[in-house]
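Asks: Got entry-v6.cif for you, mmCIF, C-alpha atoms:
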data_start
#
loop_
_atom_site.label_atom_id
_atom_site.label_comp_id
_atom_site.auth_asym_id
_atom_site.auth_seq_id
_atom_site.Cartn_x
_atom_site.Cartn_y
_atom_site.Cartn_z
CA MET A 627 -199.06 -58.74 72.99
CA LYS A 628 -200.62 -55.41 73.98
CA GLU A 629 -201.37 -53.28 70.95
CA CYS A 630 -202.61 -49.73 70.62
CA ALA A 631 -204.36 -47.96 67.77
CA ASP A 632 -201.23 -47.59 65.67
CA GLY A 633 -200.35 -51.26 65.92
CA VAL A 634 -197.24 -50.89 68.09
CA ALA A 635 -196.58 -53.24 70.97
CA LEU A 636 -195.74 -51.66 74.32
CA ASP A 637 -194.83 -54.80 76.28
CA HIS A 638 -191.14 -53.92 76.54
CA LEU A 639 -191.86 -50.30 77.41
CA ASP A 640 -194.07 -51.52 80.25
CA ARG A 641 -191.38 -53.99 81.36
CA MET A 642 -188.87 -51.15 81.60
CA THR A 643 -191.26 -48.94 83.60
CA ASP A 644 -191.91 -49.10 87.32
CA SER A 645 -193.85 -46.85 89.70
CA THR A 646 -191.07 -44.23 89.55
CA GLY A 647 -190.74 -44.06 85.79
CA LEU A 648 -188.85 -45.52 82.85
CA ILE A 649 -185.53 -47.21 83.68
CA GLN A 650 -182.69 -46.05 81.46
CA HIS A 651 -180.81 -49.17 80.38
CA ALA A 652 -181.46 -52.87 79.89
CA ILE A 653 -179.37 -56.01 80.14
CA TYR A 654 -180.69 -57.89 77.16
CA SER A 655 -184.48 -57.54 77.59
CA LEU A 656 -184.47 -56.91 81.35
CA PRO A 657 -184.30 -53.53 83.12
CA ARG A 658 -180.82 -52.70 84.43
CA ARG A 659 -181.90 -51.15 87.71
CA GLU A 660 -178.48 -49.78 88.61
CA SER A 661 -178.72 -47.42 85.61
CA GLY A 662 -181.60 -45.55 87.24
CA TYR A 663 -183.79 -43.11 85.32
CA THR A 664 -183.35 -40.05 83.10
CA THR A 665 -185.67 -37.17 82.36
CA ASP A 666 -184.67 -37.52 78.69
CA ASP A 667 -186.13 -41.01 78.44
CA ASN A 668 -189.23 -40.30 80.50
CA ALA A 669 -189.92 -37.25 78.33
CA ARG A 670 -189.66 -39.37 75.18
CA ALA A 671 -192.05 -41.92 76.69
CA LEU A 672 -194.46 -39.16 77.69
CA ARG A 673 -194.47 -37.78 74.17
CA LEU A 674 -195.11 -41.19 72.64
CA CYS A 675 -197.90 -42.18 75.02
CA THR A 676 -199.61 -38.80 74.76
CA ARG A 677 -199.65 -39.13 70.96
CA LEU A 678 -201.10 -42.63 71.29
CA TRP A 679 -203.69 -41.45 73.84
CA ASP A 680 -204.91 -38.79 71.41
CA ARG A 681 -205.48 -41.46 68.78
CA ASN A 682 -207.03 -44.11 71.00
CA PRO A 683 -207.77 -42.95 74.57
CA ASP A 684 -208.02 -45.68 77.18
CA GLU A 685 -207.27 -46.06 80.88
CA ARG A 686 -204.08 -48.07 80.40
CA MET A 687 -202.56 -45.39 78.19
CA LEU A 688 -203.69 -42.68 80.58
CA GLY A 689 -201.86 -44.50 83.37
CA ARG A 690 -198.64 -44.49 81.35
CA VAL A 691 -199.01 -40.78 80.61
CA SER A 692 -199.67 -40.07 84.28
CA ASN A 693 -196.54 -41.93 85.36
CA TYR A 694 -194.20 -40.18 82.92
CA LEU A 695 -195.73 -36.73 83.44
CA SER A 696 -195.43 -37.18 87.20
CA PHE A 697 -191.73 -38.00 86.70
CA LEU A 698 -191.20 -34.70 84.86
CA GLU A 699 -193.01 -32.78 87.58
CA HIS A 700 -190.72 -34.41 90.16
CA ALA A 701 -187.67 -33.56 88.01
CA LYS A 702 -188.15 -29.82 88.45
CA CYS A 703 -184.89 -28.33 89.66
CA SER A 704 -184.98 -25.92 92.60
CA VAL A 705 -182.69 -23.57 90.66
CA ARG A 706 -184.18 -23.75 87.16
CA GLY A 707 -185.10 -26.27 84.54
CA PHE A 708 -185.08 -30.03 85.14
CA HIS A 709 -182.73 -32.54 86.70
CA ASN A 710 -181.82 -35.40 84.37
CA PHE A 711 -180.26 -38.33 86.28
CA LEU A 712 -182.17 -40.08 89.07
CA SER A 713 -180.65 -43.09 90.82
CA TYR A 714 -182.65 -46.25 91.40
CA GLN A 715 -182.70 -45.17 95.06
CA ARG A 716 -184.51 -41.98 93.93
CA ASP A 717 -181.67 -39.54 94.56
CA TRP A 718 -180.94 -36.87 91.98
CA LEU A 719 -177.37 -37.25 90.75
CA ASP A 720 -177.00 -33.85 89.05
CA ALA A 721 -177.27 -30.32 90.37
CA GLU A 722 -179.11 -29.34 87.19
CA GLY A 723 -179.95 -31.10 83.96
CA THR A 724 -178.12 -31.00 80.65
CA GLY A 725 -179.22 -28.68 77.88
CA ASP A 726 -180.68 -31.46 75.77
CA CYS A 727 -182.73 -32.66 78.72
CA GLN A 728 -184.47 -29.27 78.96
CA GLY A 729 -185.36 -29.43 75.28
CA GLN A 730 -186.63 -33.01 75.42
CA ALA A 731 -188.76 -32.15 78.43
CA VAL A 732 -190.38 -29.09 76.88
CA LEU A 733 -191.09 -31.02 73.66
CA ALA A 734 -192.94 -33.70 75.61
CA LEU A 735 -194.79 -31.11 77.67
CA ALA A 736 -195.90 -29.34 74.50
CA GLU A 737 -197.32 -32.67 73.31
CA VAL A 738 -199.37 -32.85 76.51
CA ALA A 739 -200.41 -29.19 76.41
CA GLY A 740 -201.71 -29.55 72.86
CA SER A 741 -203.49 -32.86 73.48
CA THR A 742 -207.00 -33.97 74.43
CA LEU A 743 -205.81 -35.29 77.80
CA PRO A 744 -207.80 -34.31 80.92
CA GLU A 745 -207.56 -30.65 81.80
CA GLY A 746 -205.37 -31.18 84.86
CA PHE A 747 -202.71 -32.90 82.73
CA ARG A 748 -202.70 -30.03 80.23
CA LEU A 749 -202.61 -27.33 82.91
CA LEU A 750 -199.65 -28.97 84.63
CA ALA A 751 -197.80 -29.24 81.32
CA ARG A 752 -198.31 -25.54 80.65
CA GLU A 753 -197.10 -24.61 84.14
CA LEU A 754 -193.98 -26.73 83.69
CA ILE A 755 -193.30 -25.15 80.28
CA GLU A 756 -193.59 -21.69 81.80
CA GLY A 757 -191.19 -22.69 84.56
CA VAL A 758 -188.50 -23.97 82.20
CA LEU A 759 -188.49 -20.94 79.84
CA PRO A 760 -185.72 -19.09 81.74
CA ALA A 761 -183.50 -22.18 81.49
CA LEU A 762 -184.24 -22.52 77.78
CA ALA A 763 -183.41 -18.86 77.15
CA ASP A 764 -179.91 -19.44 78.55
CA GLN A 765 -179.22 -22.70 76.70
CA ARG A 766 -176.18 -22.92 74.44
CA SER A 767 -176.97 -26.47 73.30
CA LEU A 768 -178.05 -26.36 69.65
CA ARG A 769 -180.17 -29.46 70.13
CA ALA A 770 -181.99 -27.96 73.09
CA GLN A 771 -182.75 -24.93 70.93
CA ALA A 772 -183.98 -27.22 68.15
CA TYR A 773 -186.27 -29.09 70.54
CA THR A 774 -187.66 -25.74 71.70
CA ILE A 775 -188.61 -24.90 68.12
CA LEU A 776 -190.18 -28.33 67.63
CA ALA A 777 -192.19 -27.88 70.83
CA CYS A 778 -193.52 -24.53 69.66
CA GLY A 779 -194.22 -26.00 66.24
CA HIS A 780 -196.37 -28.72 67.75
CA LEU A 781 -198.39 -26.17 69.72
CA TRP A 782 -198.89 -24.07 66.58
CA ALA A 783 -200.08 -27.15 64.68
CA GLN A 784 -202.56 -27.89 67.47
CA GLY A 785 -203.90 -24.35 67.45
CA VAL A 786 -202.33 -23.33 70.77
CA HIS A 787 -201.08 -19.75 70.37
CA GLU A 788 -201.24 -18.24 73.83
CA ASN A 789 -197.62 -17.97 74.96
CA GLU A 790 -195.93 -15.09 73.13
CA ARG A 791 -192.83 -15.49 75.29
CA PHE A 792 -192.42 -19.08 74.14
CA ASP A 793 -192.96 -18.07 70.50
CA SER A 794 -190.31 -15.37 70.79
CA LEU A 795 -187.91 -17.84 72.37
CA ALA A 796 -188.46 -20.32 69.52
CA ARG A 797 -187.85 -17.66 66.86
CA SER A 798 -184.64 -16.57 68.57
CA ALA A 799 -183.55 -20.21 68.75
CA ALA A 800 -184.10 -20.59 64.99
CA GLN A 801 -182.07 -17.46 64.35
CA ARG A 802 -179.23 -18.83 66.49
CA LEU A 803 -179.24 -22.06 64.52
CA VAL A 804 -178.90 -20.08 61.29
CA GLU A 805 -176.08 -18.00 62.79
CA CYS A 806 -174.22 -21.16 63.83
CA PHE A 807 -174.73 -22.64 60.37
CA HIS A 808 -173.17 -19.63 58.62
CA ARG A 809 -170.32 -19.46 61.14
CA SER A 810 -169.44 -23.15 60.80
CA MET A 811 -170.12 -23.81 57.13
CA ARG A 812 -167.40 -24.37 54.54
CA THR A 813 -167.72 -25.15 50.85
CA ASP A 814 -167.64 -28.88 51.57
CA TRP A 815 -169.24 -28.65 55.03
CA PRO A 816 -172.67 -26.94 55.09
CA TRP A 817 -173.39 -27.75 58.72
CA PHE A 818 -174.06 -26.13 62.12
CA GLU A 819 -170.99 -27.47 63.92
CA SER A 820 -167.44 -28.54 63.12
CA ARG A 821 -168.43 -32.20 63.43
CA LEU A 822 -171.45 -34.43 63.04
CA THR A 823 -172.31 -36.14 66.32
CA TYR A 824 -175.67 -37.35 67.65
CA ALA A 825 -179.32 -36.57 66.87
CA ASN A 826 -178.02 -34.48 63.97
CA ALA A 827 -181.30 -34.26 62.08
CA VAL A 828 -183.13 -32.35 64.81
CA MET A 829 -181.47 -29.10 63.69
CA PRO A 830 -182.62 -29.04 60.04
CA HIS A 831 -185.93 -30.50 61.27
CA ALA A 832 -186.39 -27.51 63.57
CA LEU A 833 -185.68 -25.08 60.73
CA PHE A 834 -188.26 -26.77 58.48
CA VAL A 835 -190.75 -26.16 61.28
CA ALA A 836 -189.60 -22.56 61.76
CA ALA A 837 -189.88 -21.93 58.01
CA ARG A 838 -193.58 -22.74 58.11
CA GLN A 839 -194.17 -20.19 60.87
CA TRP A 840 -191.78 -17.47 59.65
CA PRO A 841 -191.32 -17.98 55.88
CA GLN A 842 -189.53 -14.67 55.33
CA ASP A 843 -186.71 -15.28 57.79
CA GLY A 844 -184.48 -17.42 55.57
CA PHE A 845 -184.91 -20.59 57.61
CA LEU A 846 -185.99 -22.78 54.71
CA GLU A 847 -182.84 -22.48 52.63
CA VAL A 848 -180.62 -23.43 55.57
CA ALA A 849 -182.94 -26.32 56.42
CA LYS A 850 -182.81 -27.71 52.89
CA THR A 851 -179.06 -27.24 52.46
CA SER A 852 -178.07 -28.77 55.80
CA PHE A 853 -180.51 -31.66 55.48
CA ALA A 854 -179.27 -32.48 51.97
CA PHE A 855 -175.72 -32.61 53.34
CA LEU A 856 -176.73 -34.86 56.23
CA ASP A 857 -178.67 -37.15 53.91
CA TYR A 858 -175.68 -37.44 51.57
CA GLU A 859 -173.28 -38.25 54.41
CA THR A 860 -175.60 -40.88 55.92
CA THR A 861 -176.64 -42.74 52.76
CA SER A 862 -174.52 -45.54 51.33
CA ASP A 863 -175.62 -47.88 48.54
CA GLY A 864 -179.21 -46.81 49.05
CA VAL A 865 -179.35 -47.57 52.79
CA PHE A 866 -179.26 -45.32 55.82
CA TRP A 867 -175.83 -45.45 57.49
CA PRO A 868 -175.80 -43.05 60.45
CA ILE A 869 -172.76 -41.44 62.03
CA GLY A 870 -171.29 -43.85 64.58
CA ASN A 871 -170.85 -42.59 68.11
CA ARG A 872 -167.43 -44.20 68.53
CA ASP A 873 -165.57 -41.17 67.12
CA TRP A 874 -168.35 -39.18 65.38
CA PHE A 875 -167.43 -37.31 62.17
CA PRO A 876 -165.14 -34.28 62.58
CA ARG A 877 -164.84 -32.04 59.52
CA GLY A 878 -161.95 -33.14 57.30
CA GLU A 879 -161.71 -36.62 58.84
CA GLU A 880 -163.35 -39.99 58.23
CA LYS A 881 -166.77 -40.61 59.74
CA ALA A 882 -167.15 -43.29 62.39
CA LEU A 883 -169.00 -46.23 60.84
CA TYR A 884 -170.00 -47.76 64.21
CA ASP A 885 -171.58 -47.72 66.81
CA GLN A 886 -174.78 -46.80 64.98
CA GLN A 887 -177.59 -45.69 67.31
CA PRO A 888 -181.38 -46.01 66.83
CA VAL A 889 -181.90 -42.38 67.85
CA GLU A 890 -180.17 -41.34 64.62
CA ALA A 891 -182.68 -43.27 62.50
CA ALA A 892 -185.61 -41.87 64.48
CA THR A 893 -184.54 -38.23 64.23
CA MET A 894 -183.69 -38.61 60.53
CA ALA A 895 -187.08 -40.15 59.81
CA ASP A 896 -188.84 -37.40 61.74
CA ALA A 897 -187.00 -34.67 59.85
CA GLY A 898 -187.73 -36.30 56.51
CA LEU A 899 -191.41 -36.48 57.36
CA ALA A 900 -191.48 -32.80 58.37
CA ALA A 901 -189.77 -31.79 55.13
CA PHE A 902 -192.17 -33.89 53.07
CA ALA A 903 -195.20 -32.43 54.86
CA LEU A 904 -193.91 -28.91 54.24
CA LEU A 905 -192.59 -29.16 50.68
CA GLY A 906 -194.25 -32.24 49.18
CA ASP A 907 -191.04 -33.43 47.52
CA GLU A 908 -190.84 -37.21 47.15
CA LYS A 909 -187.12 -37.22 47.97
CA TYR A 910 -188.05 -36.46 51.59
CA ARG A 911 -190.46 -39.37 51.69
CA ALA A 912 -187.55 -41.53 50.52
CA VAL A 913 -185.40 -40.20 53.40
CA PHE A 914 -188.08 -41.29 55.85
CA GLN A 915 -188.35 -44.72 54.30
CA ARG A 916 -184.57 -45.30 54.38
CA ALA A 917 -184.34 -44.31 58.04
CA HIS A 918 -187.41 -46.36 58.96
CA GLY A 919 -186.04 -49.36 57.08
CA TRP A 920 -182.79 -49.21 59.07
CA PHE A 921 -184.61 -50.68 62.08
CA ARG A 922 -185.81 -53.72 60.16
CA GLY A 923 -182.62 -54.72 58.39
CA ALA A 924 -182.09 -52.16 55.61
CA ASN A 925 -178.75 -51.23 57.16
CA SER A 926 -175.04 -51.85 56.72
CA MET A 927 -175.24 -55.29 58.35
CA CYS A 928 -178.61 -56.39 56.98
CA GLN A 929 -179.68 -57.13 60.55
CA SER A 930 -183.04 -56.33 62.11
CA LEU A 931 -182.85 -54.45 65.39
CA VAL A 932 -186.44 -54.89 66.52
CA ASP A 933 -188.64 -57.39 68.28
CA ALA A 934 -192.01 -56.46 66.86
CA THR A 935 -193.79 -58.80 69.26
CA SER A 936 -192.70 -56.88 72.35
CA GLY A 937 -191.99 -53.49 70.75
CA ALA A 938 -188.33 -53.62 71.85
CA CYS A 939 -185.35 -52.32 69.91
CA TYR A 940 -181.72 -53.31 70.29
CA ASP A 941 -179.17 -50.68 71.24
CA GLY A 942 -177.45 -50.35 67.88
CA LEU A 943 -174.97 -51.79 65.41
CA GLN A 944 -171.39 -52.40 66.51
CA THR A 945 -168.46 -53.71 64.49
CA THR A 946 -169.18 -57.12 65.99
CA GLY A 947 -172.89 -57.04 65.16
CA VAL A 948 -176.09 -56.10 66.96
CA ASN A 949 -175.87 -54.81 70.53
CA ARG A 950 -178.35 -57.19 72.15
CA ASN A 951 -179.39 -54.89 74.99
CA GLN A 952 -182.79 -53.22 74.63
CA GLY A 953 -182.56 -49.85 76.38
CA ALA A 954 -185.18 -47.15 76.79
CA GLU A 955 -183.84 -44.65 74.24
CA SER A 956 -183.51 -47.29 71.53
CA THR A 957 -186.95 -48.75 72.14
CA LEU A 958 -188.60 -45.32 72.09
CA ALA A 959 -186.76 -44.39 68.89
CA TYR A 960 -188.26 -47.44 67.19
CA LEU A 961 -191.76 -46.99 68.62
CA TRP A 962 -191.91 -43.30 67.69
CA THR A 963 -190.81 -44.05 64.13
CA GLN A 964 -193.45 -46.75 63.86
CA VAL A 965 -196.13 -44.28 64.91
CA ARG A 966 -194.81 -41.70 62.45
CA SER A 967 -194.87 -44.29 59.69
CA ALA A 968 -198.65 -44.38 60.04
CA ASP A 969 -198.66 -40.59 59.61
CA LEU A 970 -196.68 -40.89 56.38
CA ASP A 971 -199.03 -43.53 55.04
CA SER A 972 -201.98 -41.18 55.56
CA MET A 973 -200.37 -38.28 53.70
CA PRO A 974 -201.49 -37.73 50.10
CA ARG A 975 -198.86 -37.94 47.40
CA PRO A 976 -198.70 -34.40 45.95
CA SER A 977 -198.86 -33.93 42.18
CA GLN A 978 -195.90 -31.54 42.39
CA PRO A 979 -193.70 -30.16 45.15
CA THR A 980 -194.85 -27.06 46.97
CA SER A 981 -192.60 -24.19 48.01
CA LEU A 982 -192.45 -21.62 50.76
CA GLU A 983 -189.84 -19.51 49.02
CA VAL A 984 -190.54 -15.81 49.37
CA ALA A 985 -189.84 -13.50 46.47
#
Once more with this new file: its structure as structure tokens, please.
Replies:
Amino acid sequence: MKECADGVALDHLDRMTDSTGLIQHAIYSLPRRESGYTTDDNARALRLCTRLWDRNPDERMLGRVSNYLSFLEHAKCSVRGFHNFLSYQRDWLDAEGTGDCQGQAVLALAEVAGSTLPEGFRLLARELIEGVLPALADQRSLRAQAYTILACGHLWAQGVHENERFDSLARSAAQRLVECFHRSMRTDWPWFESRLTYANAVMPHALFVAARQWPQDGFLEVAKTSFAFLDYETTSDGVFWPIGNRDWFPRGEEKALYDQQPVEAATMADAGLAAFALLGDEKYRAVFQRAHGWFRGANSMCQSLVDATSGACYDGLQTTGVNRNQGAESTLAYLWTQVRSADLDSMPRPSQPTSLEVA
């Protein structure tokens, strides 16, 4: 088993990666080559491996970072932004990438730009960020806007404050999230959209980050209200029970109980950690722990979804049980949450919650 500084195994990630990049899907524990590659997944892998490099730099990790960063550079679209779907034969299958893909890419590139990687890596990341800004400015995807805020937030946390255009874009994205929240909300539905779908937690997460940077803009109250609603709707008998992607959860209808996806647990854990770091309230630590526990059997089926020996994660919970395939998105969701668990363990327990409320 190959281990890095944070004690996570990367055997399965390496198995799913070839000289082109990270293959999208798996058949059981083997790469499904016909599924090709996505920029989404390679961006997630780049973010993870950059974070691990910063904590324990070595040549093997640098090679992983180089591979995934090179994929993003190749994914540049001649029009704007990034392509997303690359066939196994290395042909781009889309004229331009989806909105979420642009956000995932810029979040990973911000991780590189704010890292201790060699200068050439960081310079390339900054160039790619600059190139994608026009595409981000035109995005209507709420999740792409949330990822833009998270990317800026990471750069702020790393002391990188040299792109006023990016900062302005992130602030506008936060304002659009708040506008969507107020337009969509009802008394029993304090949310950004008329239904809960996938990666829901990234939106309140982004507003927690925006509230730290711009505490007078009203971002914090929307973050807390929407996140409390999401936590309520995804907690059952003390365990995390995410929205299933079979039919999602339209307002006024029943939520889909299955298929539960690992990305939901990862984004929920990340948002809980951000809220705890900002406000110091133990209820947010508990959110993280519920979402983290979902991977290891604290879920509706009491079934573990991970192979800790290889670092693989199964593709979710279906009505019939665990989906035994171990795809890229699922594996990266687990690995990222494992790394973030170490961050939570290192945080001091505050004596009382803090507040950013402005009088």
Asks: Can you list, as a PyMOL selection string, every protein, DNA or RNA residue that comes within 9 Å of stretch 801-815 of chain A when you count all atoms listed in the file, leaving out same-chain residues fewer than 3 positions away?
Replies: chain A and resi 768+771-772+796-798+818-820+829-830+833+843-845+848-849+852+855+877-878
Asks: Looking at all atoms listed in the file, which of A:Ile653, A:Thr945, A:Leu674, A:Asp857 is the one that sits closest to A:Leu958?
Replies: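 The closest residue to A:Leu958 is A:Leu674.
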Asks: Check which residues satisfy the PyMOL selection byres ((chain A and resi 917) around 8) in the file shown, then give them as a list in words.
Replies: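 So the PyMOL selection byres ((chain A and resi 917) around 8), applied here, picks out Val865, Phe866, Ala891, Ala892, Met894, Ala895, Val913, Phe914, Gln915, Arg916, His918, Gly919, Trp920 and Phe921 of chain A.
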Asks: Now that the selection is made, can you save its residues with C-alpha atoms as a PDB file, in the coordinates of the input?
Replies:
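Output file out-v5.pdb is given in full below:
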ATOM      1  CA  VAL A 865    -179.350 -47.570  52.790  1.00  0.00           C
ATOM      2  CA  PHE A 866    -179.260 -45.320  55.820  1.00  0.00           C
ATOM      3  CA  ALA A 891    -182.680 -43.270  62.500  1.00  0.00           C
ATOM      4  CA  ALA A 892    -185.610 -41.870  64.480  1.00  0.00           C
ATOM      5  CA  MET A 894    -183.690 -38.610  60.530  1.00  0.00           C
ATOM      6  CA  ALA A 895    -187.080 -40.150  59.810  1.00  0.00           C
ATOM      7  CA  VAL A 913    -185.400 -40.200  53.400  1.00  0.00           C
ATOM      8  CA  PHE A 914    -188.080 -41.290  55.850  1.00  0.00           C
ATOM      9  CA  GLN A 915    -188.350 -44.720  54.300  1.00  0.00           C
ATOM     10  CA  ARG A 916    -184.570 -45.300  54.380  1.00  0.00           C
ATOM     11  CA  HIS A 918    -187.410 -46.360  58.960  1.00  0.00           C
ATOM     12  CA  GLY A 919    -186.040 -49.360  57.080  1.00  0.00           C
ATOM     13  CA  TRP A 920    -182.790 -49.210  59.070  1.00  0.00           C
ATOM     14  CA  PHE A 921    -184.610 -50.680  62.080  1.00  0.00           C
TER      15      PHE A 921
END
Asks: Quick one: distance from atom CA of A:Gln650 to atom CA of A:Ala954 in Å, one decimal?
Replies: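 Those two atoms sit 5.4 Å apart.
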Asks: Between atom CA of A:Tyr858 and atom CA of A:Asn826, what is the distance in Å, rounded to a tenth?
Replies: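 That distance, rounded to one decimal, is 13.0 Å.
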Asks: Please write as a PyMOL selection string the full residue list that the PyMOL selection byres ((chain A and resi 751-755) around 8) yields on this file.
Replies: chain A and resi 699+732+735-736+738-739+747-750+756-759
Asks: Run the PyMOL selection byres ((chain A and resi 769) around 10) on the file and write out the hits as JSON, numbers by chain.
Replies: {"A": [725, 726, 727, 728, 729, 730, 765, 766, 767, 768, 770, 771, 772, 773, 774, 775, 799, 803, 824, 825, 826, 827, 828, 829, 832]}
